[in-house]
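Undergrad: Okay, handing you the structure first.
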Amino acid sequence: MNSKLYGSLIFELSHEGRRGYSLPKNNFGDYEIPASMQRAEEAQLPECDELTVVRHYTNLSTNNFGVDTGFYPLGSCTMKYNPKINEEMAALPQFQDLHPKQPVSTVKGALALVTLLEKSLCELTGLAHFTFKPYAGAHGELTGLMTIDNYHRSHGDLQRKKVIVPDSAHGTNPASAAVCGLEIIEVKSDSNGQVDFEDLERLVAQEGPYIAAMMMTNPNTLGLFETRIPEIARLIHDCGGLMYYDGANLNPMLGACRPGDMGFDVMHINLHKTFSTPHGGGGPGSGPVGVREGLQDFFPVVSPYHGNFAVMMRAYAYILSLGREEVKLVGPLATLNANYIKESLKDVYELPIDTTCCHEFVFDGLKDKSTGVTTMDVAKRLLDYGYHAPTIYFPLLFHESLMIEPTENESKETLDGFIAVMRQIAEEAKANPDEVKSAPHLTPIGRVDDVLAAKHPVTTYRQLKAEA
Amino acid sequence: MMEKVGVKTLDDLYAQIPESIRFRGDYQIPSEMSEMEVRDVFEKLGSQNNQLTCFAGYGVYDHYTPSVIPSLVQRSEFLTSYTPYQAEISQGTLHYIFEYQSMMAELTGMDISNASMYDGTTATAEAMMMAVAAGKKVNKVLVSETLNGDIRKVLDTYALHQGIELETIGEKGGETDVEDLKTKLAAGGVAGVIVQQPNACGIVEDFTGFADACHDNKALLIINSVAADLAVLKTPGEWGADIAVGDGQSLGIPMQFGGPYVGYMCCTEKLIRKMPGRIVGMTKDSRDQRAFVLTLQAREQHIRRQKATSNICSNQSLMALFVTIYMSLMGKQGLKEAAQLSYAGAHYLCDKLLATGQFSLVYDKPFFNEFLVRYDGDIDRLFSVYLMNGILPGVKMSDGSLLIAVTEKRTKEEIDRFVEALPLVNGLH
Amino acid sequence: MAKVIEGLYYSESHEYVRVEGDFGFIGITDFAQNALGNVVYVDMPDVDDEVEAGEEFGAVESVKAASDLYSPVSGKVVEVNEALEDQPELINEDAFENWIIKVELCDKSELDALMDAAAYEAFCAK
């Protein structure tokens with residue numbers, strides 16, 4: 001995109017009297033909106049012709065990077081390919097034009113789809129029922145925790161307000177617990193990156209009657225399978241708590257293991273991760289929550305209808321496209337790809353836990369730290385080579401975390417290309433560290449001043465104009 | 001590749017999984033389908049749905065979607081990109097979110113907007129939690145009886161687990177009873193007040209004195225509105241609200257049987273650091289160019305963790321893009337014109353229905369594009385006959401009254417047909 | 001090496017109290033400001049608010065982190081450092097000079113529970 005020609009805000013392209021729309025004439029007669037109802041000041045929205053609007057947003061899109069653009073090894077995000085057949089199905093007017101409050105007899109197809117998707121998800125996860133009301137992963141976590149809280153309340157266990165979470169957990173976990181009125185207690189990770197079982201036993205002995213649940217993901221945020229999960233589940237169940245599975249890392253389990261079989265009672269799935277629905281620049285997603293038999297009566301009402309229905313349609317099209325033959329290869333191929341990259345780079349990047357990983361793994365920055373080149377620098381330099389950076393500075397267990405998840409879609413050629421560039425950057429860090437530290441150089445913009453943005457936030461055009 | 005990794009079979013990759021829980025064999029899901037077969041499945045499911053001429057509302061409306069929008073939002077750089085954490089390669093997303101924020105602030109008459117939330121109901125719940133968090137040791141929130149029941153159910157859910165006490169402000173003649181509001185505020189301990197404009201029955205309420213009453217009692221005023229209506233109606237900002245929330249579905253998003261839509265949240269400048277969700281700010285880059293970046297992230301879950309203002313991670317970014325393009329295309333005048341068409345169509349239909357003598361308005365109060373009527377016959381029979389004729393006559397309320405909505409999409413012919421179908425119902429006596 | 005000043009009292013959550021008569025000036029230590037990075041905002045209580053030892057009274061935000069402030073002592077807020085409203089980065093420049101709140105102490109014996117400079121230095125070194 002040529003920023004000089006097309007870098008404006010849509011407001012800056014506005015001209016009084018320009019029209020980009022067409023509406024039918026108002027031939028209903030004399031029905032004027034009373035002045036007393038009306039707003040005093042007009043909304044200062046733009047006035048543009050259609051072509052200007054189209055050029056503006058078309059050019060904006062060229063400043064973005066999608067899965068369709070290039071490799072996106074973001075750990076914990078599962079940036080797999082978004083099949084276009086999903087898009088075609090989600091746009092079908094026989095579904096798009098349905099009002100959610102239409103009488104049941106007029107939406108039998110839509111309701112059937114919900115049931116069919118539910119059945120598939122139950123099969124893949126080993127659980128008995130799903131609610132699709134949660135709109136996103138974090139919303140799903142909240143819904144799952146509310147389900148657990150409702151369960152305990154119904155048994156009169158009002159004191160069960162604590163949730164055990166590994167210290168490697170994603171930020172949404174403690175935040176969701178807080179929104180649900182629950183308290184987080186952290187269990188340590190051991191030197192192998194897994195839940196420290198002795199520490200867990202200590203916590204359970206100490207807090208037993210107050211434990212509502214243990215919330216974890218498996219494989220964990222380091223990409224490692226929690227091998228003692230059956231014992232962990234037994235320990236928590238014995239003290240009266242429930243097991244919650246954060247489905248963010250479900251991808252490598254397709255074809256390998258089911259959360260229900262691991263001993264989990266409640267889980268959420270990120271349809272926009274495991275089931276290929278597009279990330280859309282930050283949403284919409286969908287976070288259906290599954291439970292074992294007996295817990296479905298405790299689902300909370302977190303939204304009015306069936307959640308993000310059009311997203312669910314995409315997930316169902318994906319499941320049908322894979323079928324029982326292919327879905328069991330998703331996990332193994334994702335795992336193979338991740339391990340391949342890990343083995344190919346562990347001589348130049350610091351691998352704190354050297355063992356077989358699942359779909360993702362974590363490097364702790366470059367092996368050679370003497371150059372002062374950080375994970376942030378490596379990430380920014382990758383942008384110059386046409387790759388999206390991996391996840392950086394998460395999990396918090398390591399100072400220079402670099403989490404890589406290739407997904408099962410990528411070919412060996414793509415992986416080899418990425419490996420070559422990562423090696424190149426490690427070389428550059430030694431030969432020309434300043435080049436890396438001041439990266440990116442080839443992107444539409446350079447590094448941003450986020451201190452200025454936080455200290456003095458300018459968040460609207462009106463404010464921008466007022467301060468000019 | 002397997003050689004590099006050091007395994008002989010794919011199975012070896014999972015050696016660490018205990019055999020007792022290892023899944024082997026096949027999942028009982030349908031066999032792999034080709035694209036043509038997938039299309040077939042959806043065609044068959046789709047044929048079991050009825051597309052109807054829609055006069056139903058109650059929070060979700062059948063609005064016109066300009067043809068430009070789907071072609072732009074389907075661009076893969078928008079559709080398949082991730083959250084804009086890496087600002088250097090996400091200026092497209094960050095730029096349109098800045099525009100979205102600017103437009104929502106304009107529409108609501110407020111200072112600040114966030115980058116959007118899941119939908120109007122959860123945005124209202126977030127506003128409820130924000131009011132309690134912003135207050136000093138208060139946990140009561142007053143909610144008008146005239147609030148949409150679907151929103152109230154979601155508020156009840158969040159309030160239960162947060163230990164927030166919800167108290168209902170009574171209704172009088174179809175509007176929020178201002179005397180009851182003042183009495184309940186004076187009782188003390190109130191963090192926020194939630195009202196809806198137009199309310200659940202479509203009535204445009206008079207909120208004179210509400211903001212002052214709230215602020216005199218240190219409570220925040222939260223107003224929930226249908227976004228498109230704000231093009232012409234007196235705004236939450238003009239009513240003195242502290243937080244404006246609602247759903248942006250009315251800005252051209254198809255109904256899609258319930259979602260995805262887009263929730264908006266706007267607030268006064270004072271409250272910016274208490275507001276949940278993502279926010280995009282303007283700044284400069286290392287080459288001194290104007291640039292956009294996610295800002296105030298210290299409030300968010302990935303940093304604050306359990307002290308975060310909310311647990312929200314994603315916004316509905318692509319839907320925010322959808323409505324931003326809608327507002328750019330329709331613009332200042334188009335949004336007003338669409339709202340005027342909706343108003344006119346609704347009043348035209350209402351007058352015609354009243355003229356039949358078989359309908360009466362439940363409340364004789366000013367309405368915008370949605371109104372509540374009582375039918376003197378069998379409402380269920382009316383529904384059956386109308387559905388058979390391809391018309392969804394509205395939303396049936398629990399007391400048998402009918403809520404009818406009209407948008408700019410309803411032509412005069414369609415509205416006339418609504419009235420003309422009535423004798424068919426009578427004919428079945 | 002983070003600066004530590006003699007004669008001040010320190011808490012494990014990296015706040016300090018500088019006592020002057022019946023009043024205490026409370027802020028965050030040099031160690032804390034360094035860990036936070038560029039401070040962009042300070043969330044301060046109002047004058048006349050009560051603070052309690054060990055309880056939260058505000059927060060300090062940087063781009064990458066937000067840290068709650070815990071009062072080392074109990075008392076009533078008599079002054080807040082208004083300069084920090086426009087220039088929060090003063091805390092990075094000199095954390096000890098730029099205190100956050102001034103409190104009228106209600107129980108001086110609480111100071112006994114806090115660390116002195118040497119103990120705090122040892123605590124940070126861990």
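Scheme for the structure tokens: letters A, B, ... for chains in order shown; per-chain residue numbers from 1; ligand numbers from 1 in order shown.
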Which neighbours of range 103-105 of chain C fall inside 12 Å, counting only C-alpha atoms, when residues of the same chain fewer than 6 positions from it are skipped, and could you give them as an MDAnalysis selection string?

TA: chainID C and resid 17:27 45:53 57 71:81 111

Undergrad: Using only C-alpha atoms, which protein or nucleic acid residues come within 9 Å of Ser120 in chain A? Drop anything in the same chain fewer than 2 positions from it, and give the result as a ChimeraX atom specification.

TA: /A:115-118,122-125,316,319 /B:27-30

Undergrad: Take the residues from that selection and put them in a file with C-alpha atoms, as a compact mmCIF listing (two decimals), in the first residue's frame.

TA:
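Everything below was put into part_12.txt:
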# COMPACT_ATOMS: atom_id res chain seq x y z
CA THR A 115 -27.57 -30.77 17.06
CA LEU A 116 -25.31 -32.33 14.42
CA LEU A 117 -22.40 -30.13 15.43
CA GLU A 118 -23.01 -30.94 19.08
CA CYS A 122 -19.17 -34.84 21.82
CA GLU A 123 -17.57 -37.63 19.81
CA LEU A 124 -14.29 -35.79 19.41
CA THR A 125 -14.03 -34.77 23.06
CA TYR A 316 -19.46 -27.98 10.89
CA ILE A 319 -15.72 -31.38 10.32
CA TYR B 27 -14.44 -41.24 15.87
CA GLN B 28 -18.12 -41.86 15.12
CA ILE B 29 -18.54 -38.85 12.88
CA PRO B 30 -19.56 -38.85 9.20

Undergrad: Any chance you could tabulate, as CSV, the residues of chain A at most 7 Å from chain C with each one's nearest atom pair and distance in Å to one decimal, using only C-alpha atoms, in chain and rising number order?

TA:
residue,atom,partner,partner_atom,distance
A:Asp450,CA,C:Val63,CA,6.9
A:Val451,CA,C:Val63,CA,6.1
A:Ala454,CA,C:Val40,CA,6.0
A:Lys455,CA,C:Val40,CA,4.5

Undergrad: Just list as a VMD selection string whatever in range 27-106 of chain C DSSP marks as helix (DSSP H, G or I).

TA: chain C and resid 30 to 36 83 to 86 90 to 93

Undergrad: Taking only C-alpha atoms into account, name the residue in B:Ser310, B:Asn148, B:Thr124, B:Thr295 that is nearest to chain C.

TA: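 Using only C-alpha atoms, chain C sits closest to B:Thr295.
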
Undergrad: Pick out the residues sitting within 8 Å of Gln159 in chain A, and hand them over as a ChimeraX atom specification; count only C-alpha atoms, and ignore anything fewer than 2 positions along from it in its own chain.

TA: /A:157,161,209-210

Undergrad: Return as an NGL selection string the full set of residues in chain C whose backbone-based DSSP assignment is strand (DSSP E).

TA: :C and (9-10 or 15-20 or 23-28 or 39-43 or 50-51 or 56-62 or 66-70 or 75-80 or 101-105)

Undergrad: With C-alpha atoms retained, write the just-selected residues as an mmCIF file, in the first residue's frame.

TA:
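out_27.cif was written with the following content:
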data_model
loop_
_atom_site.group_PDB
_atom_site.id
_atom_site.type_symbol
_atom_site.label_atom_id
_atom_site.label_comp_id
_atom_site.auth_asym_id
_atom_site.auth_seq_id
_atom_site.Cartn_x
_atom_site.Cartn_y
_atom_site.Cartn_z
ATOM 1 C CA TYR C 9 10.812 1.657 55.875
ATOM 2 C CA TYR C 10 10.208 -0.931 53.156
ATOM 3 C CA GLU C 15 6.664 0.306 48.638
ATOM 4 C CA TYR C 16 8.512 2.624 51.027
ATOM 5 C CA VAL C 17 7.418 4.969 53.797
ATOM 6 C CA ARG C 18 9.351 8.109 54.655
ATOM 7 C CA VAL C 19 8.237 9.247 58.099
ATOM 8 C CA GLU C 20 8.096 12.944 59.020
ATOM 9 C CA PHE C 23 2.963 11.733 58.608
ATOM 10 C CA GLY C 24 4.270 9.173 56.127
ATOM 11 C CA PHE C 25 5.161 9.731 52.458
ATOM 12 C CA ILE C 26 4.480 6.523 50.513
ATOM 13 C CA GLY C 27 5.823 5.577 47.096
ATOM 14 C CA ILE C 28 7.412 2.723 45.172
ATOM 15 C CA VAL C 39 5.315 4.548 33.933
ATOM 16 C CA VAL C 40 2.393 5.912 31.935
ATOM 17 C CA TYR C 41 -0.269 6.308 34.601
ATOM 18 C CA VAL C 42 -0.698 6.393 38.367
ATOM 19 C CA ASP C 43 -4.098 5.554 39.823
ATOM 20 C CA GLU C 50 -8.627 5.827 54.497
ATOM 21 C CA VAL C 51 -5.802 3.375 53.789
ATOM 22 C CA GLU C 56 -4.599 -1.916 48.027
ATOM 23 C CA PHE C 57 -4.789 1.849 47.600
ATOM 24 C CA GLY C 58 -4.097 2.382 43.911
ATOM 25 C CA ALA C 59 -1.997 1.187 40.995
ATOM 26 C CA VAL C 60 0.949 2.103 38.818
ATOM 27 C CA GLU C 61 0.729 1.289 35.112
ATOM 28 C CA SER C 62 3.382 0.951 32.477
ATOM 29 C CA ALA C 66 0.106 -2.785 35.928
ATOM 30 C CA SER C 67 1.065 -3.096 39.541
ATOM 31 C CA ASP C 68 -1.256 -2.646 42.487
ATOM 32 C CA LEU C 69 -0.045 -0.441 45.301
ATOM 33 C CA TYR C 70 -0.319 -1.811 48.826
ATOM 34 C CA GLY C 75 -4.051 6.154 58.115
ATOM 35 C CA LYS C 76 -5.835 8.921 56.265
ATOM 36 C CA VAL C 77 -4.703 10.369 52.948
ATOM 37 C CA VAL C 78 -3.951 14.078 53.429
ATOM 38 C CA GLU C 79 -2.240 14.760 50.107
ATOM 39 C CA VAL C 80 -1.709 13.081 46.734
ATOM 40 C CA ILE C 101 0.531 9.766 48.741
ATOM 41 C CA LYS C 102 1.035 11.494 52.097
ATOM 42 C CA VAL C 103 -0.737 9.781 54.959
ATOM 43 C CA GLU C 104 -1.532 10.796 58.523
ATOM 44 C CA LEU C 105 -0.320 7.739 60.422
#

Undergrad: With only C-alpha atoms as the counted atoms, please give the residues lying no more than 10 Å from Glu408 in chain B, apart from itself and same-chain residues fewer than 4 positions off, as a list of chain:residue names.

TA: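 Here the answer would be A:Leu23, A:Pro24, A:Lys25, A:Asn26, B:Asp62, B:His63, B:Tyr64, B:Glu337, B:Ala338, B:Ala339, B:Gln340, B:Leu341, B:Ser342, B:Tyr343, B:Ala344, B:Gly345, B:Ala346, B:Asn369.
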
Undergrad: When you draw a straight line from CA of Arg75 in chain B to CA of Ser113 in chain B, how long is it in Å?

TA: 25.4 Å

Undergrad: Of the candidates A:Asp368, A:Asp384, A:Asp261, A:Glu12, which one gets nearest to chain B if we count only C-alpha atoms?

TA: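 Nearest candidate to chain B out of A:Asp368, A:Asp384, A:Asp261, A:Glu12: A:Asp261.
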
Undergrad: Please, what distance in Å, to one decimal, runs between CA of Leu321 in chain B and CA of Ser61 in chain A?

TA: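 Computing the Euclidean distance for CA of Leu321 in chain B and CA of Ser61 in chain A yields 11.0 Å.
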
Undergrad: Here is a test: counting only C-alpha atoms, which residue of B:Gly240, B:Gly400, B:Gly281, B:Gly174 is nearest to Tyr461 in chain A?

TA: B:Gly281
